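Source file my_file.cif; content: mmCIF, C-alpha atoms.
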```
data_upload
loop_
_atom_site.label_atom_id
_atom_site.label_comp_id
_atom_site.auth_asym_id
_atom_site.auth_seq_id
_atom_site.Cartn_x
_atom_site.Cartn_y
_atom_site.Cartn_z
CA MET A 183 54.00 11.57 9.88
CA PRO A 184 57.05 10.91 7.62
CA GLY A 185 60.17 12.63 8.90
CA TYR A 186 58.83 13.08 12.45
CA LEU A 187 61.74 12.60 14.87
CA PRO A 188 60.49 12.50 18.47
CA PHE A 189 63.87 11.35 19.75
CA ALA A 190 66.10 13.14 17.26
CA GLY A 191 68.46 14.30 20.02
CA ALA A 192 70.16 10.89 19.95
CA LEU A 193 71.22 11.55 16.36
CA LYS A 194 73.21 14.60 17.44
CA LEU A 195 75.71 12.43 19.33
CA PRO A 196 79.18 12.11 17.75
CA ALA A 197 79.56 9.26 15.26
CA TYR A 198 82.45 6.78 15.34
CA THR A 199 83.40 4.16 12.77
CA CYS A 200 85.13 0.87 13.55
CA ASP A 201 88.43 0.34 11.76
CA ASN A 202 87.90 -3.42 11.70
CA CYS A 203 84.47 -3.64 10.08
CA GLY A 204 83.33 -0.09 9.24
CA PHE A 205 80.22 -0.18 11.44
CA TRP A 206 79.18 3.27 12.72
CA GLN A 207 78.00 4.02 16.24
CA ARG A 208 76.73 7.23 17.86
CA HIS A 209 78.10 7.59 21.36
CA PHE A 210 78.92 10.28 23.92
CA GLU A 211 82.53 9.00 23.95
CA THR A 212 84.72 6.59 22.01
CA PRO A 213 82.92 3.22 22.13
CA ALA A 214 84.42 0.43 24.21
CA ALA A 215 83.68 -2.26 21.61
CA CYS A 216 81.93 -2.88 18.29
CA PRO A 217 78.78 -5.05 18.28
CA MET A 218 79.24 -5.92 14.60
CA CYS A 219 82.72 -7.37 15.21
CA LEU A 220 81.31 -9.45 18.08
CA ASP A 221 78.56 -10.90 15.87
CA ALA A 222 79.10 -14.52 14.76
CA ARG A 223 79.32 -13.46 11.09
CA HIS A 224 82.43 -11.37 11.70
CA VAL A 225 85.71 -11.55 13.62
CA VAL A 226 87.12 -9.32 16.35
CA PRO A 227 90.29 -7.29 15.59
CA GLN A 228 93.41 -9.15 16.69
CA ASP A 229 95.09 -6.03 18.05
CA GLY A 230 92.08 -4.42 19.71
CA TRP A 231 89.54 -1.91 18.48
CA ARG A 232 90.28 1.44 16.90
CA PHE A 233 87.48 3.92 16.30
CA ARG A 234 87.68 7.04 14.12
CA THR A 235 85.54 10.14 14.00
CA ALA A 236 84.04 11.05 10.65
CA ARG A 237 86.75 13.68 10.12
CA GLU A 238 89.54 11.21 10.98
CA ALA A 239 88.06 8.62 8.62
CA GLN A 240 87.78 11.20 5.83
CA GLU A 241 91.46 12.06 6.26
CA ALA A 242 92.54 8.40 6.28
CA PHE A 243 90.35 6.93 3.52
CA PRO A 244 90.09 8.81 0.19
CA CYS A 245 86.66 8.63 -1.44
CA HIS A 246 86.16 8.02 -5.17
CA TRP A 247 83.12 7.88 -7.45
CA GLN A 248 82.27 6.72 -10.94
CA GLU A 249 79.16 6.44 -13.12
CA LEU A 250 79.08 2.70 -13.95
CA GLU A 251 75.82 2.76 -15.93
CA PRO A 252 73.82 5.80 -17.10
CA GLY A 253 72.34 7.24 -13.92
CA VAL A 254 73.94 4.69 -11.56
CA TRP A 255 76.92 5.89 -9.54
CA ARG A 256 79.32 3.98 -7.32
CA PHE A 257 81.13 5.57 -4.35
CA TRP A 258 84.01 3.76 -2.62
CA ASN A 259 87.08 4.30 -0.46
CA GLU A 260 90.58 3.30 -1.50
CA PRO A 261 92.71 2.60 0.40
CA VAL A 262 90.52 1.59 3.33
CA SER A 263 90.61 -0.62 6.40
CA GLY A 264 87.81 -3.01 7.31
CA ILE A 265 85.55 -4.67 4.76
CA GLY A 266 85.17 -1.61 2.50
CA PRO A 267 81.77 -1.87 0.76
CA SER A 268 80.66 0.45 -2.03
CA ALA A 269 77.68 2.80 -2.00
CA TYR A 270 75.38 3.23 -4.98
CA LEU A 271 73.30 6.23 -6.07
CA ILE A 272 70.47 5.49 -8.51
CA GLN A 273 69.02 8.46 -10.37
CA THR A 274 65.38 8.36 -11.47
CA GLU A 275 62.85 10.91 -12.70
CA HIS A 276 61.07 10.49 -9.37
CA GLY A 277 64.14 11.28 -7.26
CA ASN A 278 67.41 9.61 -6.34
CA MET A 279 67.86 6.54 -4.17
CA GLY A 280 70.96 5.60 -2.22
CA PHE A 281 71.67 1.93 -1.57
CA GLU A 282 74.46 0.67 0.73
CA GLY A 283 77.09 2.87 2.36
CA CYS A 284 80.83 3.11 1.75
CA PRO A 285 83.01 3.37 4.89
CA VAL A 286 83.10 7.19 4.78
CA PHE A 287 82.03 9.93 2.36
CA SER A 288 84.38 12.82 1.79
CA GLU A 289 82.91 16.32 1.71
CA ALA A 290 83.63 16.36 -2.03
CA ALA A 291 81.66 13.11 -2.46
CA LEU A 292 78.71 14.53 -0.53
CA ASP A 293 78.86 17.65 -2.73
CA GLN A 294 78.85 15.41 -5.81
CA ILE A 295 75.69 13.67 -4.58
CA ALA A 296 74.13 17.10 -4.07
CA ARG A 297 75.04 18.06 -7.65
CA LEU A 298 73.42 14.85 -8.89
CA GLY A 299 70.14 15.86 -7.25
CA GLY A 300 70.57 14.80 -3.65
CA MET A 301 68.84 11.78 -2.21
CA ALA A 302 65.11 11.23 -1.64
CA VAL A 303 65.31 7.65 -0.38
CA LEU A 304 68.04 5.61 1.31
CA SER A 305 68.36 1.93 2.14
CA ALA A 306 70.88 -0.90 2.49
CA SER A 307 70.90 -4.65 2.09
CA HIS A 308 72.10 -5.46 5.62
CA PRO A 309 74.22 -4.06 8.48
CA HIS A 310 77.59 -5.09 7.00
CA SER A 311 77.03 -2.45 4.32
CA TYR A 312 75.40 0.31 6.38
CA GLY A 313 78.80 2.02 6.42
CA ALA A 314 78.46 5.80 6.45
CA LEU A 315 74.67 5.92 6.07
CA PRO A 316 74.63 8.32 9.06
CA GLN A 317 76.52 10.89 6.93
CA LEU A 318 73.93 10.62 4.15
CA GLN A 319 71.05 10.97 6.60
CA ASP A 320 72.65 13.97 8.28
CA ARG A 321 73.31 15.74 4.96
CA PHE A 322 70.26 14.89 2.82
CA ASP A 323 67.54 13.77 5.28
CA PRO A 324 66.18 11.06 2.94
CA GLU A 325 63.43 8.62 3.82
CA LEU A 326 65.34 5.69 5.38
CA CYS A 327 63.82 2.34 4.44
CA LEU A 328 65.08 -0.69 6.38
CA PRO A 329 63.52 -4.07 7.13
CA ALA A 330 62.00 -4.28 10.59
CA ALA A 331 63.86 -7.58 11.06
CA ASP A 332 67.20 -5.73 11.26
CA PHE A 333 65.99 -2.77 13.29
CA THR A 334 68.23 -3.72 16.23
CA TRP A 335 71.31 -2.76 14.14
CA SER A 336 70.08 0.75 13.27
CA ALA A 337 70.85 2.64 16.49
CA ALA A 338 73.04 5.20 14.66
CA LEU A 339 70.20 5.94 12.23
CA GLN A 340 66.61 7.18 12.20
CA VAL A 341 64.45 4.66 10.35
CA SER A 342 61.46 6.49 8.85
CA TRP A 343 60.02 3.76 6.58
CA PRO A 344 60.30 0.24 8.05
CA TYR A 345 58.96 -2.63 5.98
CA ASP A 346 58.40 -6.37 6.26
CA ASP A 347 59.13 -8.28 3.05
CA PHE A 348 58.57 -5.86 0.15
CA LEU A 349 58.66 -2.13 -0.48
CA GLU A 350 58.71 0.00 -3.64
CA PRO A 351 59.98 3.33 -2.24
CA LEU A 352 60.28 4.90 -5.71
CA PRO A 353 58.55 3.76 -8.90
CA GLY A 354 60.61 0.98 -10.50
CA LEU A 355 62.88 0.39 -7.50
CA GLU A 356 61.87 -2.62 -5.41
CA LEU A 357 63.21 -3.85 -2.06
CA HIS A 358 62.74 -7.58 -1.41
CA ARG A 359 63.68 -9.20 1.89
CA THR A 360 65.57 -12.45 1.37
CA ALA A 361 66.56 -13.06 5.02
CA GLY A 362 69.36 -15.67 5.19
CA HIS A 363 72.64 -13.80 5.64
CA PHE A 364 70.83 -11.52 8.15
CA ASP A 365 67.19 -11.82 9.19
CA GLY A 366 66.48 -8.54 7.44
CA HIS A 367 68.80 -9.00 4.47
CA ALA A 368 67.22 -7.47 1.36
CA VAL A 369 68.01 -6.92 -2.31
CA LEU A 370 67.18 -3.90 -4.46
CA TYR A 371 65.81 -4.52 -7.95
CA ASP A 372 65.94 -1.76 -10.57
CA ARG A 373 63.22 -2.80 -13.04
CA SER A 374 64.14 -0.44 -15.87
CA ARG A 375 67.87 -1.22 -15.84
CA LYS A 376 67.39 -4.90 -14.88
CA ILE A 377 70.06 -4.67 -12.20
CA CYS A 378 69.79 -6.61 -8.95
CA PHE A 379 71.77 -5.07 -6.09
CA CYS A 380 72.06 -8.33 -4.18
CA GLY A 381 73.90 -7.29 -1.01
CA ASP A 382 75.72 -10.24 0.54
CA ALA A 383 73.23 -12.80 -0.70
CA LEU A 384 75.88 -13.64 -3.30
CA LYS A 385 79.63 -13.21 -3.60
CA PHE A 386 81.77 -13.03 -6.74
CA GLU A 387 85.42 -13.39 -7.62
CA LEU A 388 86.41 -11.00 -10.42
CA ASP A 389 88.62 -11.16 -13.47
CA PRO A 390 91.84 -9.35 -12.43
CA ASP A 391 91.77 -7.51 -15.77
CA ASP A 392 88.08 -6.51 -15.60
CA PHE A 393 86.47 -5.58 -12.27
CA ARG A 394 82.99 -5.81 -13.86
CA ARG A 395 83.43 -9.43 -15.01
CA ALA A 396 82.80 -12.17 -12.47
CA THR A 397 84.52 -15.55 -12.79
CA THR A 398 82.96 -17.39 -9.80
CA ILE A 399 79.86 -17.06 -7.65
CA SER A 400 78.98 -18.31 -4.17
CA ALA A 401 76.33 -17.93 -1.46
CA HIS A 402 76.97 -18.02 2.27
CA LYS A 403 75.62 -17.36 5.74
CA ALA A 404 79.00 -15.97 6.86
CA PHE A 405 81.62 -15.37 4.18
CA VAL A 406 84.58 -14.71 6.50
CA ARG A 407 83.87 -17.94 8.40
CA GLY A 408 82.83 -19.98 5.35
CA VAL A 409 79.41 -20.92 6.78
CA PRO A 410 76.88 -22.14 4.17
CA LEU A 411 73.19 -21.35 4.04
CA THR A 412 70.55 -23.86 5.13
CA PRO A 413 68.18 -25.50 2.60
CA SER A 414 65.26 -23.33 3.72
CA GLU A 415 67.37 -20.17 3.44
CA LEU A 416 68.42 -21.16 -0.09
CA ARG A 417 64.79 -21.82 -1.06
CA ARG A 418 63.79 -18.36 0.14
CA TYR A 419 66.64 -16.83 -1.87
CA ARG A 420 65.44 -18.71 -4.93
CA ASP A 421 61.82 -17.65 -4.47
CA VAL A 422 62.91 -13.99 -4.42
CA PHE A 423 65.42 -14.11 -7.29
CA GLU A 424 63.05 -16.09 -9.52
CA ARG A 425 60.58 -13.17 -9.47
CA LEU A 426 63.18 -10.62 -10.65
CA ASP A 427 64.11 -10.31 -14.34
CA PHE A 428 67.71 -9.11 -13.95
CA VAL A 429 70.73 -9.34 -16.26
CA GLN A 430 73.34 -7.79 -13.92
CA THR A 431 74.04 -8.66 -10.28
CA TRP A 432 75.88 -6.12 -8.13
CA THR A 433 77.15 -6.84 -4.63
CA PRO A 434 78.52 -4.05 -2.38
CA PHE A 435 81.98 -5.12 -3.61
CA GLU A 436 81.56 -6.47 -7.15
CA PRO A 437 79.27 -4.85 -9.76
CA ALA A 438 79.12 -7.94 -11.99
CA ARG A 439 77.63 -7.18 -15.39
CA ASN A 440 77.99 -10.76 -16.72
CA CYS A 441 75.70 -12.56 -14.27
CA GLY A 442 71.92 -12.51 -14.26
CA ARG A 443 68.94 -14.50 -13.09
CA PRO A 444 69.72 -17.77 -14.99
CA GLU A 445 73.18 -18.11 -13.41
CA VAL A 446 71.94 -17.20 -9.92
CA LEU A 447 69.09 -19.71 -10.06
CA ALA A 448 71.46 -22.39 -11.40
CA LEU A 449 73.78 -21.80 -8.44
CA LEU A 450 70.95 -22.03 -5.91
CA ASP A 451 69.57 -25.19 -7.56
CA GLN A 452 73.04 -26.75 -7.38
CA LEU A 453 73.41 -25.85 -3.71
CA MET A 454 69.98 -27.29 -2.90
CA SER A 455 70.64 -30.54 -4.79
CA GLY A 456 72.99 -31.86 -2.11
CA ARG A 457 74.79 -30.66 0.98
CA SER A 458 75.03 -26.86 0.86
CA HIS A 459 78.46 -25.22 0.76
CA ALA A 460 79.98 -21.74 0.54
CA ALA A 461 82.73 -22.53 -1.97
CA PRO A 462 83.10 -20.46 -5.17
CA VAL A 463 81.51 -22.06 -8.25
CA PRO A 464 82.81 -21.21 -11.76
CA LEU A 465 80.26 -18.97 -13.42
CA ASP A 466 80.74 -20.45 -16.90
CA GLY A 467 79.65 -23.86 -15.65
CA LEU A 468 76.26 -22.45 -14.59
CA ARG A 469 75.35 -20.99 -17.97
CA PRO A 470 72.95 -22.73 -20.36
CA GLN A 471 74.63 -24.40 -23.32
CA GLY A 472 75.72 -21.84 -25.90
CA ARG A 473 75.16 -18.77 -23.77
#
```
Entire entry expressed as structure tokens:
Amino acid sequence: MPGYLPFAGALKLPAYTCDNCGFWQRHFETPAACPMCLDARHVVPQDGWRFRTAREAQEAFPCHWQELEPGVWRFWNEPVSGIGPSAYLIQTEHGNMGFEGCPVFSEAALDQIARLGGMAVLSASHPHSYGALPQLQDRFDPELCLPAADFTWSAALQVSWPYDDFLEPLPGLELHRTAGHFDGHAVLYDRSRKICFCGDALKFELDPDDFRRATTISAHKAFVRGVPLTPSELRRYRDVFERLDFVQTWTPFEPARNCGRPEVLALLDQLMSGRSHAAPVPLDGLRPQGR
């Protein structure tokens, strides 16, 4: 039965967020360490861990929001410690979907989401951008859709709708598992708006004068460590992206409006043509002649 929580008592434990990476844990006391920082894709804090309660994080990290496209809202914290991903709220006539989590939502931000119609469904691309998903689940009780392959990272959450490789939780919004960066890494494709929320499958560098315009693009297994993807991982990425007719590509950090499927496929073809790398590639060099 959807929404049935046989072990919901665990979700009443206090929540703590890691200052180094933003990963949330529920624990009966301040955690001793952060599993996300200890993962090979991240780095441990050089001066030791610091964990904040939700209230402490709200006081330290102001939350902002903006409607970037009609019916698509971005929530982010600035200033913030850690990696600082954005959260997105996608409004549809069938209900709203949240994708990714910013480090912490202020009470005003949660009230804004309520004014926009709340949240029927919630998901994220991978654990680096789970962020404050526990706040959204506590406030709005949405269906939480996560790939079964990343279930081990979801201890602070209650997954109600696990999936394998594909799920369409609301009409026109498609989740596709790419694997690669994480075993359960997934992208969200908005068919009507032709936006691909690509998680950390891709990374952009932005024009300093236009935060929506990307200048370079890259793909990586571990961005902080500069680890490239393997040929089979790149092929799986390509198989997924080739099926999606998108004209914008939004990461949790860069909502790039000037990159779509042709540029992404050109990058992946280039990386598969020789030894894979994680270096930024100029976006203009990947565009067909005259585009």
Check your understanding: Got a sec: who's within 8 Å of Arg373 (chain A), counting all atoms listed in the file, leaving out chain neighbours fewer than 4 positions off, as an MDAnalysis selection string?
Key -> chainID A and resid 354:356 377 427:428
Could you save those same residues with C-alpha atoms as a PDB file, keeping the file's coordinate frame?
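After the write, part-v5.pdb holds the following:
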```pdb
ATOM      1  CA  GLY A 354      60.610   0.980 -10.500  1.00  0.00           C
ATOM      2  CA  LEU A 355      62.880   0.390  -7.500  1.00  0.00           C
ATOM      3  CA  GLU A 356      61.870  -2.620  -5.410  1.00  0.00           C
ATOM      4  CA  ILE A 377      70.060  -4.670 -12.200  1.00  0.00           C
ATOM      5  CA  ASP A 427      64.110 -10.310 -14.340  1.00  0.00           C
ATOM      6  CA  PHE A 428      67.710  -9.110 -13.950  1.00  0.00           C
TER       7      PHE A 428
END
```
Exercise for review: Give me the residues within 10 Å of Glu325 (chain A) as a PyMOL selection string, counting only C-alpha atoms and dropping any in the same chain fewer than 3 places off.
Suggested key: chain A and resi 184-185+279+301-305+319+322+328+340-344+351
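Minimum atom-to-atom distances from A:Ile265, A:Pro324, A:Glu251, A:Trp432 to Asn278 (chain A) were compared using all atoms listed in the file, and the lowest value belongs to A:Pro324.
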What are the nearest atom pairs, with distances in Å to one decimal, for all residues of region 372-437 of chain A that come at most 10 Å from region 223-247 of chain A, using only C-alpha atoms, set out by chain and rising residue number as CSV?
```
residue,atom,partner,partner_atom,distance
A:Lys403,CA,A:Arg223,CA,7.6
A:Ala404,CA,A:Arg223,CA,4.9
A:Phe405,CA,A:Arg223,CA,7.5
A:Val406,CA,A:His224,CA,6.5
A:Arg407,CA,A:Arg223,CA,6.9
A:Gly408,CA,A:Arg223,CA,9.4
A:Val409,CA,A:Arg223,CA,8.6
```
Output C-alpha atoms for every residue in that selection, as a tab-separated table (two decimals), in the coordinates of the input.
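Below you can see selection-v7.tsv, which holds the result:
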```
chain	number	residue	atom	x	y	z
A	403	LYS	CA	75.62	-17.36	5.74
A	404	ALA	CA	79.00	-15.97	6.86
A	405	PHE	CA	81.62	-15.37	4.18
A	406	VAL	CA	84.58	-14.71	6.50
A	407	ARG	CA	83.87	-17.94	8.40
A	408	GLY	CA	82.83	-19.98	5.35
A	409	VAL	CA	79.41	-20.92	6.78
```
Check your understanding: If you apply the PyMOL selection byres ((chain A and resi 368) around 7) to this file, what residues do you get, as a list of chain:residue names?
Key -> A:Ser307, A:His308, A:Leu357, A:His358, A:Arg359, A:Thr360, A:Ala361, A:Gly366, A:His367, A:Val369, A:Leu370
Check your understanding: Once the PyMOL selection byres ((chain A and resi 334) around 12) has been applied to the shown file, what residues remain in the selection, as a list in words?
Key ->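 Against this file, the PyMOL selection byres ((chain A and resi 334) around 12) returns the residues Pro217, Met218, His308, Pro309, Leu328, Pro329, Ala330, Ala331, Asp332, Phe333, Trp335, Ser336, Ala337, Ala338, Leu339, Gln340, Val341, Phe364, Asp365 and Gly366 of chain A.
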Using C-alpha atoms, can you write the selected residues to a file as an mmCIF file, keeping the file's coordinate frame?
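The resulting out.cif:
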```
data_model
loop_
_atom_site.group_PDB
_atom_site.id
_atom_site.type_symbol
_atom_site.label_atom_id
_atom_site.label_comp_id
_atom_site.auth_asym_id
_atom_site.auth_seq_id
_atom_site.Cartn_x
_atom_site.Cartn_y
_atom_site.Cartn_z
ATOM 1 C CA PRO A 217 78.780 -5.050 18.280
ATOM 2 C CA MET A 218 79.240 -5.920 14.600
ATOM 3 C CA HIS A 308 72.100 -5.460 5.620
ATOM 4 C CA PRO A 309 74.220 -4.060 8.480
ATOM 5 C CA LEU A 328 65.080 -0.690 6.380
ATOM 6 C CA PRO A 329 63.520 -4.070 7.130
ATOM 7 C CA ALA A 330 62.000 -4.280 10.590
ATOM 8 C CA ALA A 331 63.860 -7.580 11.060
ATOM 9 C CA ASP A 332 67.200 -5.730 11.260
ATOM 10 C CA PHE A 333 65.990 -2.770 13.290
ATOM 11 C CA TRP A 335 71.310 -2.760 14.140
ATOM 12 C CA SER A 336 70.080 0.750 13.270
ATOM 13 C CA ALA A 337 70.850 2.640 16.490
ATOM 14 C CA ALA A 338 73.040 5.200 14.660
ATOM 15 C CA LEU A 339 70.200 5.940 12.230
ATOM 16 C CA GLN A 340 66.610 7.180 12.200
ATOM 17 C CA VAL A 341 64.450 4.660 10.350
ATOM 18 C CA PHE A 364 70.830 -11.520 8.150
ATOM 19 C CA ASP A 365 67.190 -11.820 9.190
ATOM 20 C CA GLY A 366 66.480 -8.540 7.440
#
```
Just say which residues the PyMOL selection byres ((chain A and resi 400) around 7) picks in this file, as an mmCIF file with C-alpha atoms, in the coordinates of the input.
```cif
data_model
loop_
_atom_site.group_PDB
_atom_site.id
_atom_site.type_symbol
_atom_site.label_atom_id
_atom_site.label_comp_id
_atom_site.auth_asym_id
_atom_site.auth_seq_id
_atom_site.Cartn_x
_atom_site.Cartn_y
_atom_site.Cartn_z
ATOM 1 C CA LEU A 384 75.880 -13.640 -3.300
ATOM 2 C CA LYS A 385 79.630 -13.210 -3.600
ATOM 3 C CA PHE A 386 81.770 -13.030 -6.740
ATOM 4 C CA THR A 398 82.960 -17.390 -9.800
ATOM 5 C CA ILE A 399 79.860 -17.060 -7.650
ATOM 6 C CA ALA A 401 76.330 -17.930 -1.460
ATOM 7 C CA HIS A 402 76.970 -18.020 2.270
ATOM 8 C CA ALA A 460 79.980 -21.740 0.540
ATOM 9 C CA ALA A 461 82.730 -22.530 -1.970
ATOM 10 C CA PRO A 462 83.100 -20.460 -5.170
ATOM 11 C CA VAL A 463 81.510 -22.060 -8.250
#
```
Check your understanding: Hey, which of A:His459, A:His209, A:Arg394, A:Arg321 ends up closest to Thr433 (chain A)? Count all atoms listed in the file.
Key -> A:Arg394
Review point. Residues at most 12 Å from Cys284 (chain A), counting all atoms listed in the file, excluding those fewer than 3 positions away in the same chain, as a PyMOL selection string?
Key: chain A and resi 199+203-206+239-240+243-247+256-271+280-281+287-288+291-292+306+309-318+434-435
Review point. Which residue out of A:Pro413, A:Pro285, A:Gly467, A:Pro390 has the minimum interatomic distance to Asp201 (chain A) when only C-alpha atoms are used?
Key: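 Residue with the minimum atom-to-atom distance to Asp201 (chain A): A:Pro285.
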List the neighbours of Thr412 (chain A) out to 9 Å using all atoms listed in the file; skip same-chain residues closer than 2 positions along the sequence, and give me the result as a CSV table (one decimal) with C-alpha atoms, keeping the file's coordinate frame.
```
chain,number,residue,atom,x,y,z
A,362,GLY,CA,69.4,-15.7,5.2
A,403,LYS,CA,75.6,-17.4,5.7
A,410,PRO,CA,76.9,-22.1,4.2
A,414,SER,CA,65.3,-23.3,3.7
A,415,GLU,CA,67.4,-20.2,3.4
A,416,LEU,CA,68.4,-21.2,-0.1
A,417,ARG,CA,64.8,-21.8,-1.1
A,454,MET,CA,70.0,-27.3,-2.9
A,458,SER,CA,75.0,-26.9,0.9
```
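Residue nearest Trp255 (chain A) within the list A:Leu468, A:Ile272, A:Leu449, A:Ala215: A:Ile272 [criterion: smallest interatomic distance, only C-alpha atoms].
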**Study point:** Atomic distance CA of Asp382 (chain A) - CA of Glu350 (chain A), expressed in Å with one decimal
**Key:**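 The value is 20.3 Å.
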Practice item. Select, from A:Val429, A:Val286, A:Ala396, A:Cys327, the residue with the minimum atom-to-atom distance to Asp466 (chain A), counting only C-alpha atoms. Key: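 For Asp466 (chain A), the nearest of the candidates is A:Ala396.
The residue that comes closest to Asp392 (chain A), out of A:Ile295, A:Ala438, A:Cys216, A:Leu326 and on the basis of all atoms listed in the file, is A:Ala438.
Counting from CA of Phe348 (chain A), the distance to CA of Leu426 (chain A) is 12.7 Å.
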Exercise for review: Write out as a list in words the residues lying within 7 Å of Thr397 (chain A), counting all atoms listed in the file and excluding same-chain residues fewer than 5 positions away.
Suggested key: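 Skipping anything fewer than 5 positions along the chain leaves Glu387, Leu388, Asp389, Pro464 and Leu465 of chain A.
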Review point. How many Å separate CA of Glu424 (chain A) from CA of Arg443 (chain A)?
Key: 7.1 Å
Could you work out an axis-aligned box for region 322-331 of chain A, taking every atom the file lists and adding 3 Å on each side, and report centre and edge lengths in Å to one decimal, as lines of an AutoDock Vina configuration file?
```
center_x = 66.1
center_y = 3.7
center_z = 6.9
size_x = 14.3
size_y = 28.5
size_z = 14.2
```
